[in-house]
file my_file_10.tsv (TSV, C-alpha atoms)
chain	number	residue	atom	x	y	z
A	235	MET	CA	-5.93	32.21	-5.44
A	236	GLN	CA	-4.42	29.95	-2.83
A	237	PRO	CA	-2.25	30.82	0.20
A	238	ARG	CA	0.69	28.86	-1.12
A	239	GLY	CA	2.13	27.38	-4.31
A	240	GLN	CA	1.20	30.26	-6.61
A	241	THR	CA	3.13	31.56	-9.61
A	242	ASP	CA	4.39	35.12	-9.75
A	243	SER	CA	1.24	36.17	-11.68
A	244	ASP	CA	-1.07	35.11	-8.83
A	245	GLY	CA	-1.74	36.63	-5.45
A	246	ARG	CA	-0.13	34.85	-2.51
A	247	VAL	CA	-0.86	34.99	1.20
A	248	ARG	CA	1.40	33.96	4.08
A	249	VAL	CA	-0.22	33.59	7.50
A	250	GLU	CA	1.84	33.49	10.73
A	251	ALA	CA	0.51	33.10	14.27
A	252	ASP	CA	3.01	33.04	17.16
A	253	GLY	CA	0.58	31.69	19.77
A	254	SER	CA	0.76	34.87	21.87
A	255	GLY	CA	-2.43	36.30	20.45
A	256	GLU	CA	-0.79	38.07	17.50
A	257	CYS	CA	-1.40	37.06	13.88
A	258	SER	CA	0.33	38.38	10.74
A	259	ILE	CA	-1.11	38.06	7.21
A	260	GLU	CA	1.29	39.04	4.43
A	261	PHE	CA	0.14	39.64	0.83
A	262	SER	CA	2.38	39.40	-2.25
A	263	GLY	CA	2.12	38.84	-5.99
A	264	GLU	CA	-0.65	40.09	-8.28
A	265	TRP	CA	-4.10	40.91	-6.87
A	266	THR	CA	-6.52	41.80	-9.67
A	267	LEU	CA	-10.13	41.07	-10.51
A	268	GLN	CA	-9.02	38.77	-13.33
A	269	LEU	CA	-8.38	36.16	-10.63
A	270	ALA	CA	-11.05	35.22	-8.10
A	271	PRO	CA	-10.03	36.43	-4.62
A	272	PRO	CA	-10.02	33.87	-1.80
A	273	ASP	CA	-12.54	33.83	1.00
A	274	ALA	CA	-11.17	36.06	3.75
A	275	ALA	CA	-12.36	33.67	6.46
A	276	SER	CA	-10.18	30.89	5.00
A	277	LEU	CA	-7.06	33.01	5.63
A	278	LEU	CA	-7.57	33.17	9.39
A	279	PRO	CA	-5.45	30.92	11.63
A	280	ALA	CA	-6.89	27.98	13.55
A	281	ASP	CA	-6.59	29.86	16.87
A	282	TRP	CA	-8.40	32.94	15.56
A	283	ASP	CA	-10.68	33.05	18.58
A	284	SER	CA	-7.69	33.77	20.82
A	285	THR	CA	-6.10	36.34	18.46
A	286	ARG	CA	-5.93	39.82	19.95
A	287	ARG	CA	-3.91	41.65	17.27
A	288	LEU	CA	-4.06	41.27	13.49
A	289	ARG	CA	-1.28	42.71	11.35
A	290	LEU	CA	-1.82	43.21	7.60
A	291	GLN	CA	1.40	43.47	5.57
A	292	ALA	CA	2.53	43.48	1.94
A	293	SER	CA	5.86	42.42	0.44
A	294	ASP	CA	6.73	42.05	-3.24
A	295	LEU	CA	3.20	43.20	-4.04
A	296	GLY	CA	2.65	43.60	-7.78
A	297	ALA	CA	-0.39	45.00	-9.52
A	298	TRP	CA	-3.48	45.25	-7.35
A	299	ASP	CA	-6.96	46.68	-7.59
A	300	SER	CA	-10.26	46.44	-5.73
A	301	SER	CA	-9.84	42.67	-5.45
A	302	LEU	CA	-7.21	43.21	-2.72
A	303	ILE	CA	-9.33	45.88	-1.03
A	304	LEU	CA	-12.30	43.51	-0.83
A	305	VAL	CA	-10.21	40.89	0.97
A	306	LEU	CA	-8.71	43.48	3.32
A	307	LEU	CA	-12.14	44.95	4.09
A	308	ARG	CA	-13.54	41.53	4.93
A	309	LEU	CA	-10.59	40.80	7.25
A	310	ALA	CA	-11.10	44.16	8.94
A	311	ASP	CA	-14.79	43.37	9.49
A	312	LEU	CA	-13.93	39.98	11.01
A	313	ALA	CA	-11.40	41.60	13.31
A	314	GLU	CA	-13.88	44.27	14.39
A	315	ALA	CA	-16.59	41.68	15.04
A	316	GLN	CA	-14.25	39.80	17.41
A	317	GLY	CA	-12.73	42.89	19.03
A	318	THR	CA	-9.28	42.19	17.57
A	319	GLU	CA	-6.91	45.10	17.12
A	320	LEU	CA	-6.13	45.79	13.46
A	321	ASP	CA	-2.73	47.04	12.28
A	322	ALA	CA	-2.66	47.95	8.56
A	323	SER	CA	0.53	50.02	8.64
A	324	GLY	CA	2.37	47.38	6.59
A	325	LEU	CA	0.13	47.90	3.56
A	326	PRO	CA	0.84	50.33	0.71
A	327	ALA	CA	-0.32	53.88	1.36
A	328	GLY	CA	-2.98	53.68	-1.36
A	329	ALA	CA	-4.42	50.47	0.06
A	330	GLN	CA	-4.51	52.00	3.54
A	331	ARG	CA	-6.45	55.03	2.30
A	332	LEU	CA	-8.95	52.94	0.35
A	333	LEU	CA	-9.45	50.59	3.28
A	334	ALA	CA	-10.02	53.51	5.66
A	335	LEU	CA	-12.45	55.12	3.23
A	336	ALA	CA	-14.40	51.90	2.75
A	337	ARG	CA	-14.74	51.40	6.50
A	338	LYS	CA	-15.58	55.02	7.20
A	339	VAL	CA	-18.82	54.92	5.17
A	340	PRO	CA	-21.03	52.10	6.50
A	341	GLU	CA	-23.17	50.10	4.13
A	342	ARG	CA	-26.75	51.27	3.99
A	343	SER	CA	-29.16	48.96	5.71
A	344	GLY	CA	-31.03	46.76	3.24
A	345	ALA	CA	-28.76	47.72	0.33
A	346	ARG	CA	-28.25	44.09	-0.64
A	347	ARG	CA	-31.92	43.20	-0.73
A	348	GLU	CA	-33.44	42.29	-4.08
A	349	PRO	CA	-35.37	45.22	-5.55
A	350	ARG	CA	-39.11	44.90	-5.36
A	351	ARG	CA	-40.71	43.99	-8.64
A	352	PRO	CA	-43.47	46.48	-9.43
A	353	GLY	CA	-46.97	45.13	-9.78
A	354	LEU	CA	-49.05	44.99	-12.93
A	355	LEU	CA	-50.98	48.18	-12.14
A	356	GLU	CA	-47.77	50.06	-11.37
A	357	ARG	CA	-46.11	48.87	-14.59
A	358	THR	CA	-49.21	49.82	-16.59
A	359	GLY	CA	-49.26	53.30	-15.08
A	360	ALA	CA	-45.54	53.80	-15.72
A	361	LYS	CA	-45.94	52.72	-19.34
A	362	TYR	CA	-48.91	55.05	-19.77
A	363	LEU	CA	-46.93	57.99	-18.40
A	364	GLN	CA	-44.02	57.11	-20.68
A	365	VAL	CA	-46.28	57.00	-23.74
A	366	MET	CA	-47.92	60.31	-22.81
A	367	ALA	CA	-44.54	61.98	-22.30
A	368	GLU	CA	-43.35	60.67	-25.67
A	369	THR	CA	-46.54	61.92	-27.33
A	370	ARG	CA	-46.14	65.38	-25.83
A	371	ALA	CA	-42.53	65.51	-27.00
A	372	ARG	CA	-43.51	64.53	-30.56
A	373	LEU	CA	-46.29	67.11	-30.64
A	374	ALA	CA	-43.86	69.76	-29.36
A	375	PHE	CA	-41.46	68.83	-32.16
A	376	LEU	CA	-44.23	69.21	-34.75
A	377	GLY	CA	-45.27	72.47	-33.13
A	378	GLU	CA	-41.76	73.84	-33.69
A	379	LEU	CA	-41.53	72.45	-37.23
A	380	VAL	CA	-44.73	74.06	-38.54
A	381	PRO	CA	-43.54	77.67	-37.92
A	382	ALA	CA	-40.21	76.72	-39.48
A	383	LEU	CA	-42.05	75.59	-42.62
A	384	GLY	CA	-43.92	78.90	-42.58
A	385	ARG	CA	-40.63	80.80	-42.45
A	386	LEU	CA	-39.39	78.66	-45.35
A	387	LEU	CA	-42.41	79.58	-47.49
A	388	VAL	CA	-41.87	83.32	-46.94
A	389	GLY	CA	-38.11	83.05	-47.46
A	390	ARG	CA	-37.07	83.76	-43.88
A	391	ALA	CA	-35.72	80.32	-42.95
A	392	ARG	CA	-32.05	80.41	-41.97
A	393	PHE	CA	-29.95	77.55	-43.33
A	394	ARG	CA	-27.04	77.20	-45.71
A	395	GLY	CA	-27.57	76.24	-49.34
A	396	SER	CA	-24.39	74.18	-49.24
A	397	ASP	CA	-25.91	72.03	-46.48
A	398	LEU	CA	-29.01	71.42	-48.60
A	399	ALA	CA	-26.86	70.48	-51.60
A	400	LEU	CA	-24.87	68.05	-49.43
A	401	PHE	CA	-28.00	66.37	-48.09
A	402	VAL	CA	-29.47	66.15	-51.60
A	403	GLN	CA	-26.32	64.35	-52.70
A	404	GLN	CA	-26.45	61.99	-49.73
A	405	CYS	CA	-30.16	61.24	-50.19
A	406	GLY	CA	-30.04	61.03	-53.97
A	407	VAL	CA	-26.89	60.19	-55.86
A	408	GLU	CA	-25.20	58.21	-53.10
A	409	ALA	CA	-28.33	56.08	-52.63
A	410	LEU	CA	-28.53	55.02	-56.30
A	411	PRO	CA	-26.40	51.83	-56.04
A	412	ILE	CA	-28.40	50.21	-53.24
A	413	VAL	CA	-31.73	51.35	-54.75
A	414	THR	CA	-30.67	49.88	-58.10
A	415	LEU	CA	-29.83	46.50	-56.62
A	416	ILE	CA	-32.93	46.20	-54.44
A	417	SER	CA	-35.31	47.43	-57.14
A	418	ILE	CA	-34.09	44.97	-59.76
A	419	LEU	CA	-34.26	42.11	-57.28
A	420	ALA	CA	-37.75	43.17	-56.18
A	421	GLY	CA	-38.95	43.17	-59.79
A	422	ILE	CA	-37.38	39.78	-60.44
A	423	ILE	CA	-38.96	38.26	-57.33
A	424	LEU	CA	-42.36	39.78	-58.03
A	425	ALA	CA	-42.29	38.58	-61.64
A	426	PHE	CA	-41.09	35.08	-60.81
A	427	VAL	CA	-43.67	34.49	-58.06
A	428	GLY	CA	-46.48	35.85	-60.22
A	429	ALA	CA	-45.41	34.05	-63.40
A	430	VAL	CA	-45.18	30.67	-61.71
A	431	GLN	CA	-48.81	30.93	-60.65
A	432	LEU	CA	-50.05	32.47	-63.90
A	433	ALA	CA	-48.27	29.82	-66.00
A	434	MET	CA	-50.52	27.19	-64.43
A	435	PHE	CA	-53.41	28.78	-66.35
A	436	GLY	CA	-51.43	29.64	-69.49
A	437	VAL	CA	-51.72	33.40	-68.97
A	438	GLN	CA	-48.14	34.20	-68.00
A	439	ILE	CA	-48.35	37.28	-70.22
A	440	TYR	CA	-50.16	38.98	-67.33
A	441	VAL	CA	-46.94	38.91	-65.33
A	442	ALA	CA	-46.27	42.27	-66.99
A	443	ASP	CA	-49.47	43.63	-65.42
A	444	ALA	CA	-48.54	42.32	-61.96
A	445	VAL	CA	-45.03	43.72	-62.07
A	446	GLY	CA	-45.99	47.08	-63.59
A	447	ILE	CA	-48.91	47.81	-61.30
A	448	GLY	CA	-47.17	46.34	-58.25
A	449	MET	CA	-44.03	48.41	-58.73
A	450	LEU	CA	-45.82	51.69	-59.52
A	451	ARG	CA	-48.41	51.50	-56.75
A	452	GLN	CA	-46.57	49.72	-53.95
A	453	MET	CA	-43.18	48.12	-54.28
A	454	GLY	CA	-41.23	51.01	-55.79
A	455	ALA	CA	-42.23	53.50	-53.09
A	456	MET	CA	-42.13	50.92	-50.28
A	457	MET	CA	-38.68	49.48	-51.07
A	458	THR	CA	-37.19	52.92	-51.65
A	459	ALA	CA	-38.61	54.21	-48.38
A	460	ILE	CA	-37.34	51.25	-46.36
A	461	ILE	CA	-33.88	51.69	-47.87
A	462	MET	CA	-33.89	55.40	-47.06
A	463	ALA	CA	-35.15	54.74	-43.52
A	464	GLY	CA	-32.28	52.35	-42.79
A	465	ARG	CA	-29.70	54.42	-44.61
A	466	THR	CA	-30.61	58.10	-44.35
A	467	GLY	CA	-33.00	58.17	-41.39
A	468	ALA	CA	-30.43	56.47	-39.16
A	469	ALA	CA	-27.69	58.78	-40.46
A	470	PHE	CA	-29.74	61.89	-39.64
A	471	ALA	CA	-30.47	60.60	-36.14
A	472	ALA	CA	-26.79	59.82	-35.54
A	473	GLN	CA	-25.66	63.21	-36.86
A	474	LEU	CA	-28.07	65.21	-34.73
A	475	GLY	CA	-27.48	62.94	-31.74
A	476	SER	CA	-23.74	63.56	-31.98
A	477	MET	CA	-24.42	67.28	-32.09
A	478	GLN	CA	-26.46	66.91	-28.91
A	479	VAL	CA	-23.56	65.11	-27.23
A	480	ASN	CA	-21.15	67.88	-28.27
A	481	GLU	CA	-23.66	70.57	-27.17
A	482	GLU	CA	-23.71	72.05	-30.68
A	483	VAL	CA	-27.52	72.25	-30.66
A	484	ASP	CA	-27.34	74.26	-27.42
A	485	ALA	CA	-24.81	76.55	-29.09
A	486	PHE	CA	-27.24	77.23	-31.95
A	487	LYS	CA	-29.95	78.16	-29.47
A	488	THR	CA	-27.54	80.42	-27.57
A	489	LEU	CA	-26.66	82.23	-30.82
A	490	GLY	CA	-30.35	82.73	-31.62
A	491	ILE	CA	-30.34	80.25	-34.53
A	492	SER	CA	-33.31	77.90	-34.65
A	493	PRO	CA	-32.20	74.25	-34.87
A	494	MET	CA	-35.40	73.58	-36.83
A	495	ASP	CA	-34.33	76.03	-39.53
A	496	PHE	CA	-30.64	75.22	-39.64
A	497	LEU	CA	-30.68	71.45	-38.99
A	498	VAL	CA	-34.11	69.97	-39.71
A	499	LEU	CA	-35.41	71.89	-42.74
A	500	PRO	CA	-32.52	71.09	-45.15
A	501	ARG	CA	-32.74	67.41	-44.27
A	502	MET	CA	-36.50	67.36	-44.75
A	503	LEU	CA	-36.27	69.21	-48.07
A	504	ALA	CA	-33.59	66.83	-49.34
A	505	LEU	CA	-35.71	63.78	-48.52
A	506	VAL	CA	-38.94	65.23	-49.94
A	507	SER	CA	-37.20	66.15	-53.20
A	508	MET	CA	-35.14	62.98	-53.66
A	509	VAL	CA	-37.39	60.12	-52.49
A	510	PRO	CA	-40.01	60.63	-55.27
A	511	LEU	CA	-37.24	60.71	-57.88
A	512	LEU	CA	-35.70	57.56	-56.44
A	513	THR	CA	-39.17	55.99	-56.50
A	514	LEU	CA	-39.50	56.69	-60.23
A	515	TYR	CA	-36.05	55.19	-60.75
A	516	SER	CA	-37.03	52.17	-58.66
A	517	ASP	CA	-40.25	51.70	-60.65
A	518	LEU	CA	-38.34	51.62	-63.91
A	519	LEU	CA	-35.71	49.18	-62.68
A	520	GLY	CA	-38.36	46.94	-61.10
A	521	ILE	CA	-40.21	46.72	-64.42
A	522	LEU	CA	-36.92	45.93	-66.18
A	523	GLY	CA	-36.20	43.21	-63.60
A	524	GLY	CA	-39.62	41.70	-64.21
A	525	MET	CA	-39.01	41.88	-67.93
A	526	LEU	CA	-35.83	39.83	-67.53
A	527	VAL	CA	-37.83	37.05	-65.91
A	528	GLY	CA	-40.79	37.22	-68.30
A	529	VAL	CA	-38.72	37.34	-71.48
A	530	GLY	CA	-35.97	35.04	-70.32
A	531	LEU	CA	-37.91	32.27	-68.61
A	532	PHE	CA	-41.54	32.29	-69.72
A	533	ASP	CA	-41.43	32.62	-73.52
A	534	ILE	CA	-42.73	36.19	-73.67
A	535	THR	CA	-41.33	38.43	-76.36
A	536	LEU	CA	-39.92	41.84	-75.52
A	537	ALA	CA	-42.57	43.62	-77.59
A	538	GLN	CA	-45.38	41.65	-75.91
A	539	TYR	CA	-44.08	42.46	-72.46
A	540	LEU	CA	-43.69	46.18	-73.16
A	541	ASN	CA	-47.09	46.48	-74.84
A	542	GLN	CA	-48.79	44.61	-71.98
A	543	THR	CA	-47.08	46.81	-69.41
A	544	ARG	CA	-48.09	49.99	-71.26
A	545	ALA	CA	-51.69	48.82	-71.44
A	546	ALA	CA	-51.83	47.81	-67.76
A	547	VAL	CA	-50.30	50.81	-66.01
A	548	SER	CA	-51.81	54.28	-65.86
A	549	LEU	CA	-51.07	57.69	-64.45
A	550	ALA	CA	-53.36	56.88	-61.52
A	551	HIS	CA	-51.09	54.01	-60.48
A	552	LEU	CA	-48.06	56.26	-60.82
A	553	GLY	CA	-49.76	59.05	-58.87
A	554	VAL	CA	-50.61	56.77	-55.97
A	555	GLY	CA	-47.02	55.57	-55.78
A	556	LEU	CA	-45.56	59.08	-55.92
A	557	PHE	CA	-47.99	60.32	-53.26
A	558	MET	CA	-46.91	57.41	-51.06
A	559	SER	CA	-43.26	58.32	-51.62
A	560	LEU	CA	-43.88	61.90	-50.47
A	561	VAL	CA	-45.62	60.71	-47.32
A	562	PHE	CA	-42.85	58.19	-46.67
A	563	ALA	CA	-40.19	60.89	-47.11
A	564	VAL	CA	-41.88	63.09	-44.50
A	565	ILE	CA	-42.14	60.14	-42.09
A	566	ILE	CA	-38.44	59.26	-42.51
A	567	GLY	CA	-37.36	62.86	-42.02
A	568	LEU	CA	-39.52	63.37	-38.95
A	569	ALA	CA	-38.37	60.10	-37.36
A	570	GLY	CA	-34.67	60.72	-37.98
A	571	CYS	CA	-34.63	64.38	-36.94
A	572	TYR	CA	-36.86	63.92	-33.89
A	573	GLN	CA	-34.89	60.98	-32.53
A	574	GLY	CA	-31.61	62.79	-33.13
A	575	LEU	CA	-32.66	66.00	-31.39
A	576	SER	CA	-34.20	64.09	-28.47
A	577	SER	CA	-31.13	61.88	-28.03
A	578	GLY	CA	-29.32	61.65	-24.73
A	579	ARG	CA	-25.83	63.01	-24.25
A	580	SER	CA	-23.76	59.83	-24.49
A	581	SER	CA	-22.40	57.61	-27.24
A	582	ALA	CA	-24.79	54.81	-26.27
A	583	ALA	CA	-27.74	57.22	-26.50
A	584	VAL	CA	-26.74	58.16	-30.05
A	585	GLY	CA	-26.83	54.51	-31.09
A	586	ASP	CA	-30.20	54.06	-29.41
A	587	ALA	CA	-31.53	57.13	-31.22
A	588	ALA	CA	-30.44	55.75	-34.60
A	589	THR	CA	-32.12	52.43	-33.83
A	590	ARG	CA	-35.35	54.10	-32.73
A	591	ALA	CA	-35.33	56.26	-35.86
A	592	VAL	CA	-35.17	53.24	-38.15
A	593	VAL	CA	-37.80	51.28	-36.23
A	594	SER	CA	-40.26	54.17	-35.95
A	595	ALA	CA	-39.77	55.13	-39.60
A	596	ILE	CA	-40.41	51.59	-40.87
A	597	VAL	CA	-43.48	51.20	-38.65
A	598	GLY	CA	-44.78	54.56	-39.86
A	599	ILE	CA	-44.15	53.58	-43.49
A	600	VAL	CA	-46.08	50.32	-43.16
A	601	VAL	CA	-49.01	51.99	-41.38
A	602	ALA	CA	-49.14	54.85	-43.89
A	603	ASP	CA	-48.96	52.41	-46.80
A	604	ALA	CA	-51.92	50.45	-45.43
A	605	LEU	CA	-53.98	53.60	-44.86
A	606	ILE	CA	-53.23	55.10	-48.30
A	607	THR	CA	-54.00	51.79	-50.00
A	608	LEU	CA	-57.29	51.52	-48.16
A	609	VAL	CA	-58.29	55.10	-49.04
A	610	ALA	CA	-57.26	54.70	-52.68
A	611	THR	CA	-59.26	51.49	-52.96
A	612	GLU	CA	-62.35	53.10	-51.45
A	613	LEU	CA	-62.01	56.04	-53.85
A	614	GLY	CA	-61.55	53.72	-56.80
A	615	ILE	CA	-58.13	55.06	-57.71
call {"tool": "encode", "arguments": {"input": "my_file_10.tsv", "output": "structure tokens"}}
result
Amino acid sequence: MQPRGQTDSDGRVRVEADGSGECSIEFSGEWTLQLAPPDAASLLPADWDSTRRLRLQASDLGAWDSSLILVLLRLADLAEAQGTELDASGLPAGAQRLLALARKVPERSGARREPRRPGLLERTGAKYLQVMAETRARLAFLGELVPALGRLLVGRARFRGSDLALFVQQCGVEALPIVTLISILAGIILAFVGAVQLAMFGVQIYVADAVGIGMLRQMGAMMTAIIMAGRTGAAFAAQLGSMQVNEEVDAFKTLGISPMDFLVLPRMLALVSMVPLLTLYSDLLGILGGMLVGVGLFDITLAQYLNQTRAAVSLAHLGVGLFMSLVFAVIIGLAGCYQGLSSGRSSAAVGDAATRAVVSAIVGIVVADALITLVATELGI
């Protein structure tokens, strides 16, 4: 903004000094934060040192916001520092009230100083306390879930069958398209990478072994779990987080209904029942995807591929994969439900809870996969 030569969309200032110690500053036009306000000191007349009375006025003033108040407050401070009388009666009533309010509450001493950066020891201690608080919260969540599972086993858990059916549909049928696509692509990639290396030794027939064992023991359960973590785990966290924002979880507690029974158990049951079935489906499609590569690109007949796959895979491989899928389902359900119920009460907190649910679920899946693989190898399974 400049004192003169502005368009109607810009703020304008007209300064008049009559030489008798009185100065008038008149504001007009638009004064919003979209335009940078001028420096208040640049608006003062040349004989400011001899000014004894400063009048602030407004004519043809359009839209204004805190940008105008900032300039007025700075002028008032300059006038007070010099002992000049200030007359703001020519300003709009709202501007007068805001200016009086801003001057009534003095700025706290040291408020503009840069905050002190905590030291390494302080940051380490704060992180430790944060981790311990998070650990206690997770253990408390598990402590509430275990009795809920006990009530489920004796038939005393309180939740609606229609909710369970809805979650089963969301976790099962509605997840089939994305599981189909990813599983076929995983089988194709696994077969192509393996066949390229095996063809160098003329034993590309063993691509059927690599795809069959890889899908049944690892890839089927892993890919399905990652898909469900990003799709269903995040959805559960967002749903429960939204219920926290709307205080619906508090309403359940007030009515004597356990959120663990009514909200967590049906989601956990849906995941535990559907993820193993999706894993079996993923195993089959992954083997079919590998068969497309082996039969189509590496001169392996369909009968050879199927016979080699049947000879390579066993129930032990399938059992390891299904056990992994059950563990992964529990991890996804715990991550999604815990993050949702521990969400803050704002829209941003709900988004953060969904993000944390996906991240924690995927990390838990990878760690659990490594541990189960290590144990199975040591046991010779």
call {"tool": "atom_distance", "arguments": {"input": "my_file_10.tsv", "atom1": "CA of Phe496 (chain A)", "atom2": "CA of Asp484 (chain A)"}}
result
12.7 Å
call {"tool": "atom_distance", "arguments": {"input": "my_file_10.tsv", "atom1": "CA of Thr488 (chain A)", "atom2": "CA of Gln573 (chain A)"}}
result
21.4 Å
call {"tool": "atom_distance", "arguments": {"input": "my_file_10.tsv", "atom1": "CA of Thr607 (chain A)", "atom2": "CA of Ile423 (chain A)"}}
result
21.5 Å
call {"tool": "closest_residue", "arguments": {"input": "my_file_10.tsv", "among": "A:Ala334, A:Ala583, A:Met525, A:Ala360", "to": "Leu419 (chain A)", "atoms": "all atoms listed in the file"}}
result
A:Met525
call {"tool": "residues_around", "arguments": {"input": "my_file_10.tsv", "residues": "region 369-373 of chain A", "least_positions_apart": "3", "cutoff": "10 Å", "atoms": "all atoms listed in the file", "output": "list in words"}}
result
Leu363, Gln364, Val365, Met366, Leu376, Gly377, Glu378, Leu379, Leu568, Ala569, Tyr572, Gln573 and Ser576 of chain A
call {"tool": "write_last_selection", "arguments": {"input": "my_file_10.tsv", "atoms": "C-alpha atoms", "output": "tab-separated table (two decimals), keeping the file's coordinate frame"}}
result
chain	number	residue	atom	x	y	z
A	363	LEU	CA	-46.93	57.99	-18.40
A	364	GLN	CA	-44.02	57.11	-20.68
A	365	VAL	CA	-46.28	57.00	-23.74
A	366	MET	CA	-47.92	60.31	-22.81
A	376	LEU	CA	-44.23	69.21	-34.75
A	377	GLY	CA	-45.27	72.47	-33.13
A	378	GLU	CA	-41.76	73.84	-33.69
A	379	LEU	CA	-41.53	72.45	-37.23
A	568	LEU	CA	-39.52	63.37	-38.95
A	569	ALA	CA	-38.37	60.10	-37.36
A	572	TYR	CA	-36.86	63.92	-33.89
A	573	GLN	CA	-34.89	60.98	-32.53
A	576	SER	CA	-34.20	64.09	-28.47
call {"tool": "closest_residue", "arguments": {"input": "my_file_10.tsv", "among": "A:Thr358, A:Ser396, A:Thr589, A:Gln538", "to": "Ala469 (chain A)", "atoms": "all atoms listed in the file"}}
result
A:Thr589
call {"tool": "residues_around", "arguments": {"input": "my_file_10.tsv", "residues": "Val564 (chain A)", "least_positions_apart": "5", "cutoff": "8 Å", "atoms": "only C-alpha atoms", "output": "compact mmCIF listing (two decimals) with C-alpha atoms, in the coordinates of the input"}}
result
# COMPACT_ATOMS: atom_id res chain seq x y z
CA MET A 502 -36.50 67.36 -44.75
CA LEU A 505 -35.71 63.78 -48.52
CA VAL A 506 -38.94 65.23 -49.94
call {"tool": "residues_around", "arguments": {"input": "my_file_10.tsv", "residues": "Gln478 (chain A)", "least_positions_apart": "6", "cutoff": "12 Å", "atoms": "all atoms listed in the file", "output": "PyMOL selection string"}}
result
chain A and resi 471-472+484-487+493+497+571-581+583-584+587
call {"tool": "residues_around", "arguments": {"input": "my_file_10.tsv", "residues": "Gly296 (chain A)", "least_positions_apart": "3", "cutoff": "8 Å", "atoms": "all atoms listed in the file", "output": "list in words"}}
result
Ser262, Gly263, Glu264 and Trp265 of chain A
call {"tool": "residues_near_point", "arguments": {"input": "my_file_10.tsv", "point": "(-45.9, 33.8, -65.8)", "cutoff": "10 Å", "atoms": "all atoms listed in the file", "output": "list in words"}}
result
Ala425, Phe426, Val427, Gly428, Ala429, Val430, Gln431, Leu432, Ala433, Met434, Phe435, Gly436, Val437, Gln438, Ile439, Tyr440, Val441, Ala442, Ala444, Val527, Gly528, Val529, Leu531, Phe532, Asp533 and Ile534 of chain A
call {"tool": "closest_residue", "arguments": {"input": "my_file_10.tsv", "among": "A:Leu522, A:Asp281, A:Gly464, A:Val479", "to": "Arg590 (chain A)", "atoms": "all atoms listed in the file"}}
result
A:Gly464
call {"tool": "residues_near_point", "arguments": {"input": "my_file_10.tsv", "point": "(-48.4, 46.5, -74.2)", "cutoff": "12 Å", "atoms": "all atoms listed in the file", "output": "number ranges by chain"}}
result
A: 439-443, 446, 534-548
call {"tool": "residues_around", "arguments": {"input": "my_file_10.tsv", "residues": "Ser258 (chain A)", "least_positions_apart": "4", "cutoff": "10 Å", "atoms": "only C-alpha atoms", "output": "PDB file with C-alpha atoms, in the frame of the given file"}}
result
ATOM      1  CA  ARG A 248       1.400  33.960   4.080  1.00  0.00           C
ATOM      2  CA  VAL A 249      -0.220  33.590   7.500  1.00  0.00           C
ATOM      3  CA  GLU A 250       1.840  33.490  10.730  1.00  0.00           C
ATOM      4  CA  ALA A 251       0.510  33.100  14.270  1.00  0.00           C
ATOM      5  CA  ASP A 252       3.010  33.040  17.160  1.00  0.00           C
ATOM      6  CA  LEU A 278      -7.570  33.170   9.390  1.00  0.00           C
ATOM      7  CA  PRO A 279      -5.450  30.920  11.630  1.00  0.00           C
ATOM      8  CA  ARG A 287      -3.910  41.650  17.270  1.00  0.00           C
ATOM      9  CA  LEU A 288      -4.060  41.270  13.490  1.00  0.00           C
ATOM     10  CA  ARG A 289      -1.280  42.710  11.350  1.00  0.00           C
ATOM     11  CA  LEU A 290      -1.820  43.210   7.600  1.00  0.00           C
ATOM     12  CA  GLN A 291       1.400  43.470   5.570  1.00  0.00           C
ATOM     13  CA  ASP A 321      -2.730  47.040  12.280  1.00  0.00           C
TER      14      ASP A 321
END
call {"tool": "closest_residue", "arguments": {"input": "my_file_10.tsv", "among": "A:Leu387, A:Met477, A:Ala374, A:Leu519", "to": "Pro411 (chain A)", "atoms": "only C-alpha atoms"}}
result
A:Leu519
call {"tool": "closest_residue", "arguments": {"input": "my_file_10.tsv", "among": "A:Leu304, A:Val597, A:Ile461, A:Ala399", "to": "Leu503 (chain A)", "atoms": "all atoms listed in the file"}}
result
A:Ala399
call {"tool": "build_atoms", "arguments": {"input": "my_file_10.tsv", "residues": "region 246-253 of chain A", "atoms": "N, CA and C atoms", "output": "short mmCIF file (atom, residue, chain, number, x, y, z; two decimals), in the frame of the given file"}}
result
data_model
loop_
_atom_site.label_atom_id
_atom_site.label_comp_id
_atom_site.auth_asym_id
_atom_site.auth_seq_id
_atom_site.Cartn_x
_atom_site.Cartn_y
_atom_site.Cartn_z
N ARG A 246 -0.54 35.83 -3.52
CA ARG A 246 -0.13 34.85 -2.51
C ARG A 246 -0.35 35.44 -1.12
N VAL A 247 -0.62 34.58 -0.19
CA VAL A 247 -0.86 34.99 1.20
C VAL A 247 -0.03 34.09 2.11
N ARG A 248 0.66 34.72 3.07
CA ARG A 248 1.40 33.96 4.08
C ARG A 248 0.86 34.36 5.46
N VAL A 249 0.39 33.38 6.20
CA VAL A 249 -0.22 33.59 7.50
C VAL A 249 0.71 33.06 8.59
N GLU A 250 0.99 33.89 9.60
CA GLU A 250 1.84 33.49 10.73
C GLU A 250 1.14 33.84 12.03
N ALA A 251 1.07 32.89 12.93
CA ALA A 251 0.51 33.10 14.27
C ALA A 251 1.51 32.57 15.28
N ASP A 252 1.96 33.45 16.22
CA ASP A 252 3.01 33.04 17.16
C ASP A 252 2.45 32.44 18.45
N GLY A 253 1.16 32.28 18.57
CA GLY A 253 0.58 31.69 19.77
C GLY A 253 0.42 32.65 20.92
#
